[in-house]
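Everything below belongs to target_15.txt, which stores compact mmCIF, N, CA and C atoms.
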# COMPACT_ATOMS: atom_id res chain seq x y z
N MET A 760 -109.08 -132.36 86.06
CA MET A 760 -110.22 -132.89 85.34
C MET A 760 -110.25 -134.40 85.54
N ARG A 761 -111.44 -134.93 85.90
CA ARG A 761 -111.62 -136.36 86.09
C ARG A 761 -112.40 -136.90 84.91
N VAL A 762 -111.93 -138.00 84.36
CA VAL A 762 -112.62 -138.61 83.24
C VAL A 762 -113.08 -140.00 83.65
N ASN A 763 -114.35 -140.29 83.40
CA ASN A 763 -114.91 -141.60 83.71
C ASN A 763 -114.44 -142.58 82.64
N THR A 764 -113.96 -143.75 83.03
CA THR A 764 -113.44 -144.73 82.08
C THR A 764 -114.38 -145.92 81.93
N THR A 765 -115.67 -145.69 82.15
CA THR A 765 -116.65 -146.76 81.98
C THR A 765 -116.67 -147.19 80.51
N PRO A 766 -116.76 -148.50 80.22
CA PRO A 766 -116.76 -148.94 78.83
C PRO A 766 -117.99 -148.46 78.08
N THR A 767 -117.89 -148.38 76.75
CA THR A 767 -119.01 -147.94 75.94
C THR A 767 -120.11 -148.98 75.94
N ARG A 768 -121.31 -148.56 75.53
CA ARG A 768 -122.44 -149.47 75.47
C ARG A 768 -122.15 -150.60 74.49
N ALA A 769 -121.44 -150.32 73.40
CA ALA A 769 -121.10 -151.37 72.43
C ALA A 769 -120.21 -152.42 73.09
N ALA A 770 -119.23 -151.99 73.88
CA ALA A 770 -118.36 -152.95 74.56
C ALA A 770 -119.14 -153.76 75.57
N MET A 771 -120.09 -153.11 76.27
CA MET A 771 -120.90 -153.84 77.23
C MET A 771 -121.79 -154.85 76.52
N ALA A 772 -122.26 -154.50 75.32
CA ALA A 772 -123.10 -155.43 74.56
C ALA A 772 -122.29 -156.66 74.15
N ILE A 773 -121.03 -156.47 73.80
CA ILE A 773 -120.17 -157.60 73.44
C ILE A 773 -119.99 -158.51 74.65
N VAL A 774 -119.71 -157.91 75.81
CA VAL A 774 -119.55 -158.69 77.03
C VAL A 774 -120.85 -159.42 77.34
N LEU A 775 -121.97 -158.71 77.21
CA LEU A 775 -123.27 -159.32 77.46
C LEU A 775 -123.51 -160.49 76.52
N CYS A 776 -123.16 -160.32 75.25
CA CYS A 776 -123.35 -161.39 74.27
C CYS A 776 -122.51 -162.61 74.64
N VAL A 777 -121.27 -162.36 75.04
CA VAL A 777 -120.41 -163.47 75.43
C VAL A 777 -121.00 -164.20 76.63
N CYS A 778 -121.57 -163.42 77.56
CA CYS A 778 -122.12 -164.02 78.77
C CYS A 778 -123.42 -164.77 78.53
N VAL A 779 -124.25 -164.29 77.62
CA VAL A 779 -125.57 -164.90 77.47
C VAL A 779 -125.75 -165.72 76.21
N CYS A 780 -124.82 -165.68 75.29
CA CYS A 780 -125.01 -166.36 74.02
C CYS A 780 -124.38 -167.75 73.97
N GLY A 781 -124.00 -168.27 75.10
CA GLY A 781 -123.53 -169.65 75.12
C GLY A 781 -122.04 -169.84 75.00
N GLY A 782 -121.26 -168.76 75.06
CA GLY A 782 -119.81 -168.90 75.00
C GLY A 782 -119.28 -169.45 76.30
N ALA A 783 -118.06 -169.93 76.31
CA ALA A 783 -117.46 -170.46 77.53
C ALA A 783 -116.60 -169.38 78.17
N ALA A 784 -116.61 -169.31 79.48
CA ALA A 784 -115.77 -168.38 80.20
C ALA A 784 -114.58 -169.14 80.77
N TRP A 785 -113.43 -168.50 80.83
CA TRP A 785 -112.23 -169.15 81.34
C TRP A 785 -111.93 -168.65 82.73
N SER A 786 -111.65 -169.58 83.63
CA SER A 786 -111.30 -169.20 84.99
C SER A 786 -109.79 -169.01 85.06
N GLN A 787 -109.32 -168.63 86.24
CA GLN A 787 -107.90 -168.37 86.42
C GLN A 787 -107.07 -169.63 86.17
N ASP A 788 -107.59 -170.82 86.46
CA ASP A 788 -106.82 -172.04 86.24
C ASP A 788 -107.08 -172.63 84.84
N SER A 789 -107.63 -171.81 83.94
CA SER A 789 -107.82 -172.15 82.52
C SER A 789 -108.77 -173.32 82.28
N GLN A 790 -109.69 -173.57 83.17
CA GLN A 790 -110.70 -174.59 82.94
C GLN A 790 -111.98 -173.91 82.48
N ALA A 791 -112.60 -174.43 81.44
CA ALA A 791 -113.81 -173.83 80.90
C ALA A 791 -114.96 -174.04 81.87
N THR A 792 -115.75 -172.97 82.05
CA THR A 792 -116.97 -173.07 82.85
C THR A 792 -118.13 -172.68 81.94
N PRO A 793 -119.27 -173.30 82.10
CA PRO A 793 -120.39 -172.99 81.21
C PRO A 793 -120.90 -171.57 81.43
N ALA A 794 -121.35 -170.96 80.34
CA ALA A 794 -121.91 -169.62 80.40
C ALA A 794 -123.34 -169.72 80.93
N PRO A 795 -123.87 -168.60 81.44
CA PRO A 795 -125.25 -168.63 81.91
C PRO A 795 -126.20 -169.04 80.79
N GLN A 796 -127.32 -169.63 81.17
CA GLN A 796 -128.30 -170.08 80.19
C GLN A 796 -128.95 -168.87 79.51
N TYR A 797 -129.19 -168.99 78.24
CA TYR A 797 -129.80 -167.92 77.46
C TYR A 797 -130.88 -168.50 76.57
N THR A 798 -132.04 -167.90 76.62
CA THR A 798 -133.12 -168.28 75.73
C THR A 798 -133.15 -167.24 74.63
N PRO A 799 -132.94 -167.62 73.35
CA PRO A 799 -132.91 -166.65 72.27
C PRO A 799 -134.13 -165.73 72.28
N GLY A 800 -133.86 -164.44 72.14
CA GLY A 800 -134.93 -163.45 72.11
C GLY A 800 -135.41 -163.00 73.47
N HIS A 801 -134.84 -163.52 74.55
CA HIS A 801 -135.28 -163.17 75.90
C HIS A 801 -134.08 -162.77 76.74
N LEU A 802 -134.07 -161.50 77.15
CA LEU A 802 -133.03 -161.01 78.05
C LEU A 802 -133.65 -160.81 79.42
N THR A 803 -132.83 -160.94 80.44
CA THR A 803 -133.31 -160.64 81.78
C THR A 803 -133.50 -159.12 81.90
N GLU A 804 -134.21 -158.68 82.91
CA GLU A 804 -134.41 -157.25 83.14
C GLU A 804 -133.06 -156.55 83.33
N GLU A 805 -132.15 -157.23 84.04
CA GLU A 805 -130.82 -156.66 84.27
C GLU A 805 -130.06 -156.48 82.96
N GLN A 806 -130.14 -157.47 82.07
CA GLN A 806 -129.46 -157.39 80.78
C GLN A 806 -130.07 -156.29 79.91
N GLU A 807 -131.39 -156.17 79.92
CA GLU A 807 -132.05 -155.11 79.15
C GLU A 807 -131.66 -153.74 79.68
N ALA A 808 -131.61 -153.59 81.00
CA ALA A 808 -131.23 -152.32 81.61
C ALA A 808 -129.80 -151.94 81.24
N LEU A 809 -128.90 -152.92 81.20
CA LEU A 809 -127.52 -152.68 80.84
C LEU A 809 -127.41 -152.11 79.43
N LEU A 810 -128.22 -152.63 78.52
CA LEU A 810 -128.18 -152.16 77.14
C LEU A 810 -128.77 -150.76 76.99
N LYS A 811 -129.56 -150.29 77.96
CA LYS A 811 -130.16 -148.97 77.90
C LYS A 811 -129.35 -147.93 78.68
N THR A 812 -128.19 -148.31 79.19
CA THR A 812 -127.37 -147.39 79.96
C THR A 812 -126.48 -146.57 79.03
N LEU A 813 -126.57 -145.23 79.15
CA LEU A 813 -125.70 -144.35 78.39
C LEU A 813 -124.39 -144.18 79.15
N VAL A 814 -123.29 -144.18 78.45
CA VAL A 814 -121.99 -143.91 79.06
C VAL A 814 -121.76 -142.41 78.97
N VAL A 815 -121.56 -141.79 80.13
CA VAL A 815 -121.49 -140.34 80.23
C VAL A 815 -120.13 -139.93 80.80
N LEU A 816 -119.51 -138.95 80.18
CA LEU A 816 -118.24 -138.38 80.67
C LEU A 816 -118.49 -136.92 81.02
N SER A 817 -118.05 -136.51 82.20
CA SER A 817 -118.24 -135.12 82.59
C SER A 817 -116.95 -134.56 83.17
N SER A 818 -116.87 -133.23 83.17
CA SER A 818 -115.67 -132.58 83.69
C SER A 818 -116.06 -131.25 84.34
N ALA A 819 -115.16 -130.74 85.19
CA ALA A 819 -115.34 -129.46 85.86
C ALA A 819 -114.05 -128.68 85.74
N ASP A 820 -114.17 -127.38 85.41
CA ASP A 820 -112.99 -126.55 85.25
C ASP A 820 -113.25 -125.17 85.85
N PRO A 821 -112.57 -124.81 86.93
CA PRO A 821 -111.66 -125.64 87.73
C PRO A 821 -112.46 -126.53 88.67
N ASN A 822 -111.80 -127.52 89.23
CA ASN A 822 -112.49 -128.39 90.19
C ASN A 822 -111.99 -128.17 91.62
N ASP A 823 -111.18 -127.13 91.81
CA ASP A 823 -110.64 -126.81 93.12
C ASP A 823 -110.28 -125.33 93.14
N GLY A 824 -110.61 -124.66 94.25
CA GLY A 824 -110.25 -123.25 94.37
C GLY A 824 -110.96 -122.60 95.53
N PRO A 825 -110.63 -121.31 95.78
CA PRO A 825 -111.24 -120.60 96.90
C PRO A 825 -112.66 -120.14 96.58
N ALA A 826 -113.48 -120.01 97.63
CA ALA A 826 -114.84 -119.49 97.47
C ALA A 826 -114.78 -117.98 97.25
N PRO A 827 -115.68 -117.41 96.48
CA PRO A 827 -116.65 -118.11 95.64
C PRO A 827 -115.93 -118.71 94.42
N LEU A 828 -116.31 -119.93 94.07
CA LEU A 828 -115.66 -120.64 92.97
C LEU A 828 -116.66 -120.85 91.84
N THR A 829 -116.39 -120.25 90.69
CA THR A 829 -117.24 -120.42 89.52
C THR A 829 -116.65 -121.55 88.67
N VAL A 830 -117.48 -122.57 88.40
CA VAL A 830 -117.02 -123.77 87.73
C VAL A 830 -117.80 -123.96 86.43
N GLN A 831 -117.07 -124.28 85.38
CA GLN A 831 -117.68 -124.62 84.08
C GLN A 831 -117.77 -126.15 84.01
N PHE A 832 -118.99 -126.67 83.95
CA PHE A 832 -119.22 -128.10 83.84
C PHE A 832 -119.56 -128.44 82.40
N SER A 833 -119.06 -129.58 81.95
CA SER A 833 -119.42 -130.05 80.60
C SER A 833 -119.57 -131.56 80.64
N THR A 834 -120.37 -132.06 79.74
CA THR A 834 -120.60 -133.50 79.69
C THR A 834 -120.89 -133.92 78.27
N GLU A 835 -120.69 -135.20 78.02
CA GLU A 835 -121.05 -135.78 76.73
C GLU A 835 -121.38 -137.25 76.94
N SER A 836 -122.19 -137.75 76.05
CA SER A 836 -122.52 -139.17 76.06
C SER A 836 -121.68 -139.83 74.98
N LEU A 837 -121.07 -140.95 75.29
CA LEU A 837 -120.27 -141.66 74.30
C LEU A 837 -121.14 -142.52 73.39
N ASP A 838 -122.41 -142.61 73.71
CA ASP A 838 -123.35 -143.38 72.90
C ASP A 838 -124.16 -142.43 72.03
N GLU A 839 -124.80 -142.99 71.04
CA GLU A 839 -125.65 -142.17 70.17
C GLU A 839 -127.00 -141.97 70.85
N ALA A 840 -127.09 -140.90 71.62
CA ALA A 840 -128.32 -140.58 72.33
C ALA A 840 -129.25 -139.81 71.39
N VAL A 841 -130.55 -140.14 71.42
CA VAL A 841 -131.54 -139.46 70.60
C VAL A 841 -132.13 -138.30 71.40
N HIS A 842 -131.84 -137.06 70.96
CA HIS A 842 -132.29 -135.85 71.64
C HIS A 842 -131.97 -135.91 73.14
N PRO A 843 -130.69 -135.95 73.49
CA PRO A 843 -130.32 -136.07 74.90
C PRO A 843 -130.75 -134.84 75.72
N LYS A 844 -131.10 -135.12 76.97
CA LYS A 844 -131.45 -134.07 77.92
C LYS A 844 -130.49 -134.22 79.11
N TYR A 845 -129.97 -133.09 79.58
CA TYR A 845 -128.97 -133.09 80.64
C TYR A 845 -129.52 -132.32 81.84
N VAL A 846 -129.42 -132.92 83.04
CA VAL A 846 -129.84 -132.25 84.27
C VAL A 846 -128.70 -132.36 85.27
N TRP A 847 -128.25 -131.21 85.79
CA TRP A 847 -127.15 -131.15 86.74
C TRP A 847 -127.67 -130.87 88.15
N ASN A 848 -127.12 -131.59 89.13
CA ASN A 848 -127.34 -131.32 90.55
C ASN A 848 -125.95 -131.03 91.11
N PHE A 849 -125.76 -129.83 91.67
CA PHE A 849 -124.42 -129.40 92.07
C PHE A 849 -124.02 -129.82 93.48
N GLY A 850 -124.93 -130.43 94.23
CA GLY A 850 -124.60 -130.97 95.54
C GLY A 850 -124.51 -129.94 96.64
N ASP A 851 -124.95 -128.71 96.38
CA ASP A 851 -124.88 -127.67 97.41
C ASP A 851 -126.26 -127.14 97.79
N GLY A 852 -127.31 -127.83 97.40
CA GLY A 852 -128.66 -127.40 97.73
C GLY A 852 -129.26 -126.39 96.78
N SER A 853 -128.51 -125.99 95.77
CA SER A 853 -129.03 -125.02 94.80
C SER A 853 -129.98 -125.72 93.82
N LYS A 854 -130.66 -124.93 93.03
CA LYS A 854 -131.61 -125.45 92.05
C LYS A 854 -130.87 -126.21 90.95
N GLU A 855 -131.48 -127.33 90.49
CA GLU A 855 -130.89 -128.08 89.37
C GLU A 855 -130.88 -127.21 88.12
N MET A 856 -129.95 -127.52 87.23
CA MET A 856 -129.81 -126.77 85.99
C MET A 856 -129.81 -127.73 84.82
N ARG A 857 -130.41 -127.31 83.73
CA ARG A 857 -130.46 -128.12 82.52
C ARG A 857 -129.47 -127.59 81.50
N GLY A 858 -128.84 -128.51 80.76
CA GLY A 858 -127.92 -128.12 79.71
C GLY A 858 -126.71 -129.03 79.67
N GLN A 859 -126.12 -129.16 78.50
CA GLN A 859 -124.94 -130.00 78.35
C GLN A 859 -123.72 -129.35 78.99
N ASN A 860 -123.59 -128.05 78.81
CA ASN A 860 -122.48 -127.29 79.37
C ASN A 860 -123.07 -126.16 80.20
N VAL A 861 -122.77 -126.15 81.50
CA VAL A 861 -123.36 -125.17 82.41
C VAL A 861 -122.28 -124.58 83.30
N THR A 862 -122.60 -123.43 83.89
CA THR A 862 -121.70 -122.77 84.83
C THR A 862 -122.42 -122.62 86.16
N HIS A 863 -121.70 -122.90 87.25
CA HIS A 863 -122.28 -122.78 88.59
C HIS A 863 -121.24 -122.17 89.52
N THR A 864 -121.70 -121.34 90.44
CA THR A 864 -120.81 -120.74 91.43
C THR A 864 -121.11 -121.32 92.81
N TYR A 865 -120.07 -121.89 93.42
CA TYR A 865 -120.14 -122.38 94.79
C TYR A 865 -119.75 -121.23 95.71
N LYS A 866 -120.62 -120.91 96.65
CA LYS A 866 -120.39 -119.75 97.51
C LYS A 866 -119.70 -120.09 98.81
N LYS A 867 -119.87 -121.34 99.29
CA LYS A 867 -119.32 -121.73 100.59
C LYS A 867 -118.24 -122.80 100.43
N PRO A 868 -117.22 -122.79 101.29
CA PRO A 868 -116.20 -123.84 101.26
C PRO A 868 -116.83 -125.20 101.56
N GLY A 869 -116.26 -126.24 100.96
CA GLY A 869 -116.74 -127.60 101.21
C GLY A 869 -116.34 -128.54 100.09
N GLU A 870 -116.66 -129.80 100.29
CA GLU A 870 -116.44 -130.85 99.29
C GLU A 870 -117.80 -131.13 98.65
N TYR A 871 -117.88 -131.01 97.34
CA TYR A 871 -119.15 -131.18 96.64
C TYR A 871 -119.02 -132.26 95.57
N LYS A 872 -120.15 -132.88 95.26
CA LYS A 872 -120.20 -133.83 94.16
C LYS A 872 -121.31 -133.37 93.22
N ALA A 873 -120.91 -132.89 92.04
CA ALA A 873 -121.88 -132.49 91.03
C ALA A 873 -122.24 -133.73 90.22
N ILE A 874 -123.53 -133.94 90.05
CA ILE A 874 -124.01 -135.13 89.34
C ILE A 874 -124.80 -134.68 88.11
N VAL A 875 -124.50 -135.29 86.97
CA VAL A 875 -125.28 -135.02 85.76
C VAL A 875 -126.00 -136.31 85.38
N ARG A 876 -127.28 -136.16 85.02
CA ARG A 876 -128.09 -137.28 84.54
C ARG A 876 -128.48 -136.96 83.11
N VAL A 877 -128.21 -137.93 82.22
CA VAL A 877 -128.53 -137.77 80.81
C VAL A 877 -129.61 -138.79 80.45
N THR A 878 -130.65 -138.31 79.79
CA THR A 878 -131.71 -139.20 79.29
C THR A 878 -131.94 -138.87 77.83
N ASP A 879 -132.52 -139.84 77.10
CA ASP A 879 -132.84 -139.56 75.70
C ASP A 879 -134.25 -140.06 75.37
N ASP A 880 -134.69 -139.77 74.16
CA ASP A 880 -136.05 -140.11 73.73
C ASP A 880 -136.29 -141.61 73.61
N ASP A 881 -135.22 -142.42 73.57
CA ASP A 881 -135.38 -143.87 73.47
C ASP A 881 -135.45 -144.55 74.84
N GLY A 882 -135.46 -143.76 75.91
CA GLY A 882 -135.53 -144.34 77.26
C GLY A 882 -134.18 -144.72 77.84
N ASN A 883 -133.09 -144.35 77.16
CA ASN A 883 -131.75 -144.62 77.68
C ASN A 883 -131.39 -143.55 78.71
N ALA A 884 -130.55 -143.93 79.68
CA ALA A 884 -130.15 -142.98 80.71
C ALA A 884 -128.77 -143.33 81.24
N GLY A 885 -128.09 -142.32 81.74
CA GLY A 885 -126.77 -142.52 82.34
C GLY A 885 -126.45 -141.35 83.25
N THR A 886 -125.53 -141.57 84.18
CA THR A 886 -125.11 -140.52 85.10
C THR A 886 -123.59 -140.51 85.23
N ASP A 887 -123.08 -139.39 85.65
CA ASP A 887 -121.68 -139.28 86.01
C ASP A 887 -121.59 -138.21 87.09
N ASP A 888 -120.48 -138.18 87.80
CA ASP A 888 -120.29 -137.16 88.82
C ASP A 888 -118.87 -136.62 88.78
N VAL A 889 -118.74 -135.41 89.31
CA VAL A 889 -117.45 -134.73 89.36
C VAL A 889 -117.29 -134.15 90.76
N ALA A 890 -116.13 -134.39 91.37
CA ALA A 890 -115.84 -133.83 92.69
C ALA A 890 -115.32 -132.40 92.53
N VAL A 891 -115.81 -131.51 93.40
CA VAL A 891 -115.37 -130.12 93.42
C VAL A 891 -115.01 -129.77 94.86
N THR A 892 -113.83 -129.19 95.03
CA THR A 892 -113.38 -128.76 96.35
C THR A 892 -113.33 -127.24 96.37
N VAL A 893 -114.08 -126.66 97.31
CA VAL A 893 -114.10 -125.20 97.48
C VAL A 893 -113.43 -124.89 98.81
N ARG A 894 -112.35 -124.13 98.73
CA ARG A 894 -111.59 -123.78 99.93
C ARG A 894 -112.05 -122.42 100.49
N ARG A 895 -111.60 -122.11 101.68
CA ARG A 895 -111.91 -120.81 102.27
C ARG A 895 -111.35 -119.72 101.38
N PRO A 896 -112.03 -118.57 101.37
CA PRO A 896 -111.52 -117.46 100.55
C PRO A 896 -110.10 -117.08 100.97
N GLU A 897 -109.32 -116.66 100.00
CA GLU A 897 -107.97 -116.22 100.32
C GLU A 897 -108.04 -114.86 101.00
N LYS A 898 -107.21 -114.69 102.02
CA LYS A 898 -107.19 -113.43 102.76
C LYS A 898 -106.53 -112.34 101.93
N LYS A 899 -107.18 -111.17 101.92
CA LYS A 899 -106.60 -110.03 101.20
C LYS A 899 -105.69 -109.28 102.16
N GLU A 900 -104.56 -108.85 101.65
CA GLU A 900 -103.60 -108.14 102.51
C GLU A 900 -103.61 -106.69 102.23
Could you quickly redo this structure as structure tokens?
Amino acid sequence: MRVNTTPTRAAMAIVLCVCVCGGAAWSQDSQATPAPQYTPGHLTEEQEALLKTLVVLSSADPNDGPAPLTVQFSTESLDEAVHPKYVWNFGDGSKEMRGQNVTHTYKKPGEYKAIVRVTDDDGNAGTDDVAVTVRRPEKKE
């Protein structure tokens, strides 16, 4: 199981505040450098987009095995998403599936990247991906 260690939106907001609210940043040689200029009440498009990013954690069980491999995918948002919607793309050309927890069967051997996109009613969005390895079927004796 792979877990994404991206910081929460609250932690990113703290970093953003430090960067744009006039605090001083310290370099490796401990000399203060001025923070970027900030006009109160005005964020750049990049800063606004950062605040609208949902932090998403997803997993696959199992994430490795012989074909056909049936995998249970699950995901959650670490932020308070309003009516979250989940869309999975399994990376094998199959139809996308909606749902927080879904099951998909990989029929052919290969390396796949399943991607989940989470959106909510407030316009927030986030993605995560999980690697899945499907090996050749085991030979029956």
Give me, as a PDB file with N, CA and C atoms, in the coordinates of the input, all polymer residues having an atom no more than 10 Å from Gly882 (chain A), counting only C-alpha atoms and skipping those fewer than 5 positions away in the same chain.
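And here's out09.pdb as it stands now:
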ATOM      1  N   LYS A 811    -129.560-150.290  77.960  1.00  0.00           N
ATOM      2  CA  LYS A 811    -130.160-148.970  77.900  1.00  0.00           C
ATOM      3  C   LYS A 811    -129.350-147.930  78.680  1.00  0.00           C
ATOM      4  N   THR A 812    -128.190-148.310  79.190  1.00  0.00           N
ATOM      5  CA  THR A 812    -127.370-147.390  79.960  1.00  0.00           C
ATOM      6  C   THR A 812    -126.480-146.570  79.030  1.00  0.00           C
ATOM      7  N   LEU A 813    -126.570-145.230  79.150  1.00  0.00           N
ATOM      8  CA  LEU A 813    -125.700-144.350  78.390  1.00  0.00           C
ATOM      9  C   LEU A 813    -124.390-144.180  79.150  1.00  0.00           C
ATOM     10  N   ALA A 840    -127.090-140.900  71.620  1.00  0.00           N
ATOM     11  CA  ALA A 840    -128.320-140.580  72.330  1.00  0.00           C
ATOM     12  C   ALA A 840    -129.250-139.810  71.390  1.00  0.00           C
ATOM     13  N   VAL A 841    -130.550-140.140  71.420  1.00  0.00           N
ATOM     14  CA  VAL A 841    -131.540-139.460  70.600  1.00  0.00           C
ATOM     15  C   VAL A 841    -132.130-138.300  71.400  1.00  0.00           C
TER      16      VAL A 841
END
>> I'd like the contact shell of region 862-875 of chain A - 5 Å cut-off, all atoms listed in the file, skipping same-chain residues fewer than 2 positions apart - returned as a list in words.
In response: Pro827, Leu828, Thr829, Val830, Gln831, Phe832, Val846, Trp847, Asn848, Phe849, Gly850, Asn860, Val877, Thr886, Asp887, Asp888, Val889, Ala890, Val891, Thr892, Val893, Arg894 and Arg895 of chain A
> Expressed in Å to a single decimal, how great is the separation between atom C of Pro821 (chain A) and atom N of Ser833 (chain A)?
Replying inline: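 Result for atom C of Pro821 (chain A) versus atom N of Ser833 (chain A): 9.9 Å, one decimal.
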> DSSP on the backbone: what in region 784-891 of chain A comes out strand (DSSP E or B), as a ChimeraX atom specification?
Replying inline: /A:784-785,791-792,798,801,812,815-820,823-825,828-836,844-848,856-857,860-865,869-878,884-891
Using only C-alpha atoms, can you list as an mmCIF file with N, CA and C atoms, in the frame of the given file the residues within 9 Å of (-134.2, -140.9, 74.2)?
data_model
loop_
_atom_site.group_PDB
_atom_site.id
_atom_site.type_symbol
_atom_site.label_atom_id
_atom_site.label_comp_id
_atom_site.auth_asym_id
_atom_site.auth_seq_id
_atom_site.Cartn_x
_atom_site.Cartn_y
_atom_site.Cartn_z
ATOM 1 N N ALA A 840 -127.090 -140.900 71.620
ATOM 2 C CA ALA A 840 -128.320 -140.580 72.330
ATOM 3 C C ALA A 840 -129.250 -139.810 71.390
ATOM 4 N N VAL A 841 -130.550 -140.140 71.420
ATOM 5 C CA VAL A 841 -131.540 -139.460 70.600
ATOM 6 C C VAL A 841 -132.130 -138.300 71.400
ATOM 7 N N HIS A 842 -131.840 -137.060 70.960
ATOM 8 C CA HIS A 842 -132.290 -135.850 71.640
ATOM 9 C C HIS A 842 -131.970 -135.910 73.140
ATOM 10 N N PRO A 843 -130.690 -135.950 73.490
ATOM 11 C CA PRO A 843 -130.320 -136.070 74.900
ATOM 12 C C PRO A 843 -130.750 -134.840 75.720
ATOM 13 N N LYS A 844 -131.100 -135.120 76.970
ATOM 14 C CA LYS A 844 -131.450 -134.070 77.920
ATOM 15 C C LYS A 844 -130.490 -134.220 79.110
ATOM 16 N N THR A 878 -130.650 -138.310 79.790
ATOM 17 C CA THR A 878 -131.710 -139.200 79.290
ATOM 18 C C THR A 878 -131.940 -138.870 77.830
ATOM 19 N N ASP A 879 -132.520 -139.840 77.100
ATOM 20 C CA ASP A 879 -132.840 -139.560 75.700
ATOM 21 C C ASP A 879 -134.250 -140.060 75.370
ATOM 22 N N ASP A 880 -134.690 -139.770 74.160
ATOM 23 C CA ASP A 880 -136.050 -140.110 73.730
ATOM 24 C C ASP A 880 -136.290 -141.610 73.610
ATOM 25 N N ASP A 881 -135.220 -142.420 73.570
ATOM 26 C CA ASP A 881 -135.380 -143.870 73.470
ATOM 27 C C ASP A 881 -135.450 -144.550 74.840
ATOM 28 N N GLY A 882 -135.460 -143.760 75.910
ATOM 29 C CA GLY A 882 -135.530 -144.340 77.260
ATOM 30 C C GLY A 882 -134.180 -144.720 77.840
ATOM 31 N N ASN A 883 -133.090 -144.350 77.160
ATOM 32 C CA ASN A 883 -131.750 -144.620 77.680
ATOM 33 C C ASN A 883 -131.390 -143.550 78.710
ATOM 34 N N ALA A 884 -130.550 -143.930 79.680
ATOM 35 C CA ALA A 884 -130.150 -142.980 80.710
ATOM 36 C C ALA A 884 -128.770 -143.330 81.240
#
